[in-house]
>>> print(open('entry31.txt').read())   # compact mmCIF, C-alpha atoms and all ligand atoms
# COMPACT_ATOMS: atom_id res chain seq x y z
CA MET A 1 106.40 78.96 143.44
CA PRO A 2 108.91 80.98 141.41
CA LYS A 3 106.87 81.19 138.20
CA ILE A 4 103.59 80.16 136.60
CA GLU A 5 102.57 79.75 132.98
CA CYS A 6 99.63 81.85 131.86
CA THR A 7 96.93 80.41 129.59
CA CYS A 8 98.32 82.67 126.83
CA GLY A 9 101.72 80.98 127.14
CA ASN A 10 103.49 83.82 128.92
CA ILE A 11 105.67 82.83 131.85
CA ILE A 12 104.94 84.96 134.90
CA GLY A 13 107.96 85.21 137.15
CA LEU A 14 107.25 85.45 140.87
CA SER A 15 110.71 84.93 142.34
CA GLU A 16 111.66 88.59 142.76
CA ILE A 17 110.92 90.12 146.15
CA PRO A 18 109.10 92.38 145.82
CA SER A 19 107.67 91.02 142.58
CA PRO A 20 106.55 93.38 139.81
CA ASN A 21 104.06 90.69 138.67
CA GLN A 22 102.44 90.05 142.01
CA LEU A 23 99.49 91.86 143.52
CA LEU A 24 98.04 91.43 147.00
CA ILE A 25 94.33 91.58 147.76
CA ILE A 26 92.53 91.20 151.05
CA SER A 27 88.89 91.06 152.02
CA ASP A 28 87.54 93.99 153.97
CA GLU A 29 86.64 91.62 156.81
CA ASN A 30 90.15 90.18 157.06
CA PHE A 31 91.76 93.60 156.90
CA ASP A 32 89.50 94.87 159.63
CA GLU A 33 90.31 91.84 161.81
CA VAL A 34 94.06 92.36 161.55
CA TYR A 35 94.02 96.14 161.53
CA ALA A 36 92.13 96.20 164.80
CA ASP A 37 94.98 94.32 166.51
CA CYS A 38 98.00 96.16 165.30
CA ILE A 39 100.08 96.83 162.27
CA ASP A 40 102.12 93.64 162.25
CA PRO A 41 103.37 93.24 158.67
CA ASP A 42 103.76 89.46 158.93
CA LYS A 43 100.31 88.97 160.38
CA LEU A 44 98.82 91.26 157.77
CA TYR A 45 100.69 89.53 154.92
CA GLU A 46 99.22 86.15 155.95
CA LYS A 47 95.75 87.49 155.24
CA PHE A 48 96.49 88.59 151.69
CA ASN A 49 95.62 86.49 148.67
CA ILE A 50 98.42 86.41 146.11
CA VAL A 51 97.54 87.53 142.59
CA ALA A 52 99.88 86.97 139.64
CA LYS A 53 99.22 89.38 136.77
CA CYS A 54 100.15 88.51 133.20
CA LYS A 55 101.70 91.53 131.49
CA VAL A 56 100.86 90.11 128.06
CA CYS A 57 97.12 89.36 128.25
CA GLY A 58 96.14 90.95 131.57
CA ARG A 59 94.81 87.74 133.11
CA LEU A 60 94.84 87.65 136.88
CA HIS A 61 95.74 84.35 138.57
CA VAL A 62 94.25 84.56 142.03
CA PHE A 63 95.49 82.08 144.62
CA TRP A 64 92.42 82.11 146.83
CA ASN A 65 93.57 79.03 148.78
CA GLY A 66 97.34 79.41 148.82
CA PHE A 67 100.09 78.50 146.37
CA ASP A 68 99.60 74.77 146.85
CA LYS A 69 96.18 74.98 145.14
CA ASP A 70 95.47 75.96 141.53
CA PRO A 71 94.62 79.64 141.04
CA ILE A 72 91.34 80.92 139.64
CA ILE A 73 92.09 82.79 136.42
CA TYR A 74 90.25 86.01 135.51
CA LYS A 75 90.41 87.34 131.95
CA PRO A 76 89.70 90.99 131.08
CA GLU A 77 86.62 91.52 128.94
ZN ZN B 101 98.74 85.87 129.76
>>> encode(input="entry31.txt", output="structure tokens")
Amino acid sequence: MPKIECTCGNIIGLSEIPSPNQLLIISDENFDEVYADCIDPDKLYEKFNIVAKCKVCGRLHVFWNGFDKDPIIYKPE
């Protein structure tokens, strides 16, 4: 998924690696599970949820279930 369109109309590019528009979040439980094994970057990366941040409005598009599902969008108050 190289880009997504924010609700505000801004196009969020995600094709750069690493991407300046992409954040990574992980639950404490998942981090603990992976960290206990080792520091395998690929294994750790699989546990992250991808977050695309809109630089215009600040909305966060969180892909809780992978890129093939629609993200949940969070808007700053
Ligand atoms: Zn936006």
>>> residues_around(input="entry31.txt", residues="stretch 6-14 of chain A", least_positions_apart="4", cutoff="7 Å", atoms="all atoms listed in the file", output="list of chain:residue names")
A:Pro2, A:Ser19, A:Asn21, A:Gln22, A:Cys54, A:Val56, A:Cys57
>>> write_last_selection(input="entry31.txt", atoms="C-alpha atoms", output="PDB file, in the frame of the given file")
ATOM      1  CA  PRO A   2     108.910  80.980 141.410  1.00  0.00           C
ATOM      2  CA  SER A  19     107.670  91.020 142.580  1.00  0.00           C
ATOM      3  CA  ASN A  21     104.060  90.690 138.670  1.00  0.00           C
ATOM      4  CA  GLN A  22     102.440  90.050 142.010  1.00  0.00           C
ATOM      5  CA  CYS A  54     100.150  88.510 133.200  1.00  0.00           C
ATOM      6  CA  VAL A  56     100.860  90.110 128.060  1.00  0.00           C
ATOM      7  CA  CYS A  57      97.120  89.360 128.250  1.00  0.00           C
TER       8      CYS A  57
END
>>> closest_residue(input="entry31.txt", among="A:Ile50, A:Leu24, A:Ile72, A:Leu60", to="ligand ZN 101 (chain B)", atoms="only C-alpha atoms and all ligand atoms")
A:Leu60
>>> residues_around(input="entry31.txt", residues="A:Phe63", least_positions_apart="5", cutoff="10 Å", atoms="all atoms listed in the file", output="list of chain:residue names")
A:Leu24, A:Phe48, A:Asn49, A:Ile50, A:Val51, A:Ala52, A:Asp68, A:Lys69, A:Asp70, A:Pro71, A:Ile72, A:Ile73
>>> closest_residue(input="entry31.txt", among="A:Ile4, A:Ile17, A:Ile26, A:Val34", to="ligand ZN 101 (chain B)", atoms="all atoms listed in the file")
A:Ile4
>>> atom_distance(input="entry31.txt", atom1="atom CA of A:Glu33", atom2="atom CA of A:Tyr74")
26.9 Å
>>> closest_residue(input="entry31.txt", among="A:Glu5, A:Pro20, A:Ile25, A:Tyr35", to="A:Arg59", atoms="all atoms listed in the file")
A:Glu5
>>> atom_distance(input="entry31.txt", atom1="atom CA of A:Pro18", atom2="atom CA of A:Lys47")
17.1 Å
>>> closest_residue(input="entry31.txt", among="A:Gly66, A:Pro76, A:Gly58, A:Pro41", to="ligand ZN 101 (chain B)", atoms="all atoms listed in the file")
A:Gly58
>>> closest_residue(input="entry31.txt", among="A:Lys3, A:Glu77, A:Asp32, A:Trp64", to="A:Leu44", atoms="all atoms listed in the file")
A:Asp32
>>> closest_residue(input="entry31.txt", among="A:Asn30, A:Val62, A:Phe67, A:Lys53", to="ligand ZN 101 (chain B)", atoms="only C-alpha atoms and all ligand atoms")
A:Lys53
>>> build_atoms(input="entry31.txt", residues="stretch 20-31 of chain A", atoms="all heavy atoms", output="mmCIF file, in the frame of the given file")
data_model
loop_
_atom_site.group_PDB
_atom_site.id
_atom_site.type_symbol
_atom_site.label_atom_id
_atom_site.label_comp_id
_atom_site.auth_asym_id
_atom_site.auth_seq_id
_atom_site.Cartn_x
_atom_site.Cartn_y
_atom_site.Cartn_z
ATOM 1 N N PRO A 20 107.321 92.440 140.613
ATOM 2 C CA PRO A 20 106.550 93.380 139.810
ATOM 3 C C PRO A 20 105.290 92.730 139.211
ATOM 4 O O PRO A 20 104.415 93.429 138.718
ATOM 5 C CB PRO A 20 107.527 93.791 138.702
ATOM 6 C CG PRO A 20 108.473 92.644 138.597
ATOM 7 C CD PRO A 20 108.583 92.072 139.976
ATOM 8 N N ASN A 21 105.207 91.406 139.255
ATOM 9 C CA ASN A 21 104.060 90.690 138.670
ATOM 10 C C ASN A 21 103.038 90.247 139.707
ATOM 11 O O ASN A 21 102.056 89.608 139.377
ATOM 12 C CB ASN A 21 104.549 89.443 137.918
ATOM 13 C CG ASN A 21 105.526 89.790 136.832
ATOM 14 O OD1 ASN A 21 105.358 90.778 136.129
ATOM 15 N ND2 ASN A 21 106.582 89.008 136.705
ATOM 16 N N GLN A 22 103.301 90.544 140.942
ATOM 17 C CA GLN A 22 102.440 90.050 142.010
ATOM 18 C C GLN A 22 101.653 91.177 142.655
ATOM 19 O O GLN A 22 102.192 92.235 142.970
ATOM 20 C CB GLN A 22 103.313 89.361 143.070
ATOM 21 C CG GLN A 22 102.533 88.744 144.205
ATOM 22 C CD GLN A 22 103.434 87.914 145.104
ATOM 23 O OE1 GLN A 22 104.038 86.956 144.664
ATOM 24 N NE2 GLN A 22 103.537 88.292 146.364
ATOM 25 N N LEU A 23 100.363 90.923 142.836
ATOM 26 C CA LEU A 23 99.490 91.860 143.520
ATOM 27 C C LEU A 23 99.028 91.183 144.810
ATOM 28 O O LEU A 23 99.050 89.964 144.920
ATOM 29 C CB LEU A 23 98.261 92.202 142.671
ATOM 30 C CG LEU A 23 98.531 92.662 141.243
ATOM 31 C CD1 LEU A 23 97.231 92.735 140.462
ATOM 32 C CD2 LEU A 23 99.222 93.999 141.239
ATOM 33 N N LEU A 24 98.572 91.973 145.751
ATOM 34 C CA LEU A 24 98.040 91.430 147.000
ATOM 35 C C LEU A 24 96.640 91.989 147.190
ATOM 36 O O LEU A 24 96.435 93.201 147.086
ATOM 37 C CB LEU A 24 98.913 91.844 148.186
ATOM 38 C CG LEU A 24 100.375 91.407 148.126
ATOM 39 C CD1 LEU A 24 101.158 92.079 149.246
ATOM 40 C CD2 LEU A 24 100.489 89.899 148.232
ATOM 41 N N ILE A 25 95.672 91.119 147.460
ATOM 42 C CA ILE A 25 94.330 91.580 147.760
ATOM 43 C C ILE A 25 93.904 90.986 149.097
ATOM 44 O O ILE A 25 94.391 89.943 149.517
ATOM 45 C CB ILE A 25 93.297 91.221 146.670
ATOM 46 C CG1 ILE A 25 93.200 89.714 146.468
ATOM 47 C CG2 ILE A 25 93.631 91.932 145.381
ATOM 48 C CD1 ILE A 25 92.065 89.311 145.538
ATOM 49 N N ILE A 26 93.009 91.663 149.744
ATOM 50 C CA ILE A 26 92.530 91.200 151.050
ATOM 51 C C ILE A 26 91.059 91.589 151.180
ATOM 52 O O ILE A 26 90.635 92.653 150.689
ATOM 53 C CB ILE A 26 93.378 91.831 152.189
ATOM 54 C CG1 ILE A 26 93.043 91.210 153.533
ATOM 55 C CG2 ILE A 26 93.230 93.345 152.212
ATOM 56 C CD1 ILE A 26 93.994 91.621 154.658
ATOM 57 N N SER A 27 90.293 90.725 151.807
ATOM 58 C CA SER A 27 88.890 91.060 152.020
ATOM 59 C C SER A 27 88.812 92.168 153.074
ATOM 60 O O SER A 27 89.691 92.297 153.936
ATOM 61 C CB SER A 27 88.104 89.841 152.487
ATOM 62 O OG SER A 27 88.424 89.535 153.833
ATOM 63 N N ASP A 28 87.759 92.917 152.998
ATOM 64 C CA ASP A 28 87.540 93.990 153.970
ATOM 65 C C ASP A 28 87.437 93.415 155.385
ATOM 66 O O ASP A 28 87.964 93.983 156.336
ATOM 67 C CB ASP A 28 86.272 94.748 153.580
ATOM 68 C CG ASP A 28 86.171 96.087 154.262
ATOM 69 O OD1 ASP A 28 87.222 96.740 154.455
ATOM 70 O OD2 ASP A 28 85.046 96.499 154.601
ATOM 71 N N GLU A 29 86.779 92.265 155.502
ATOM 72 C CA GLU A 29 86.640 91.620 156.810
ATOM 73 C C GLU A 29 88.000 91.221 157.398
ATOM 74 O O GLU A 29 88.267 91.456 158.568
ATOM 75 C CB GLU A 29 85.767 90.368 156.707
ATOM 76 C CG GLU A 29 84.304 90.658 156.513
ATOM 77 C CD GLU A 29 83.486 89.392 156.370
ATOM 78 O OE1 GLU A 29 84.007 88.395 155.836
ATOM 79 O OE2 GLU A 29 82.323 89.420 156.788
ATOM 80 N N ASN A 30 88.840 90.596 156.563
ATOM 81 C CA ASN A 30 90.150 90.180 157.060
ATOM 82 C C ASN A 30 91.033 91.372 157.411
ATOM 83 O O ASN A 30 91.768 91.344 158.397
ATOM 84 C CB ASN A 30 90.868 89.296 156.035
ATOM 85 C CG ASN A 30 90.357 87.866 156.057
ATOM 86 O OD1 ASN A 30 89.729 87.440 157.007
ATOM 87 N ND2 ASN A 30 90.640 87.139 155.006
ATOM 88 N N PHE A 31 90.958 92.411 156.606
ATOM 89 C CA PHE A 31 91.760 93.600 156.900
ATOM 90 C C PHE A 31 91.317 94.209 158.226
ATOM 91 O O PHE A 31 92.144 94.563 159.065
ATOM 92 C CB PHE A 31 91.645 94.626 155.778
ATOM 93 C CG PHE A 31 92.467 95.855 156.037
ATOM 94 C CD1 PHE A 31 93.832 95.830 155.817
ATOM 95 C CD2 PHE A 31 91.889 97.013 156.533
ATOM 96 C CE1 PHE A 31 94.616 96.952 156.081
ATOM 97 C CE2 PHE A 31 92.657 98.130 156.794
ATOM 98 C CZ PHE A 31 94.013 98.100 156.568
#
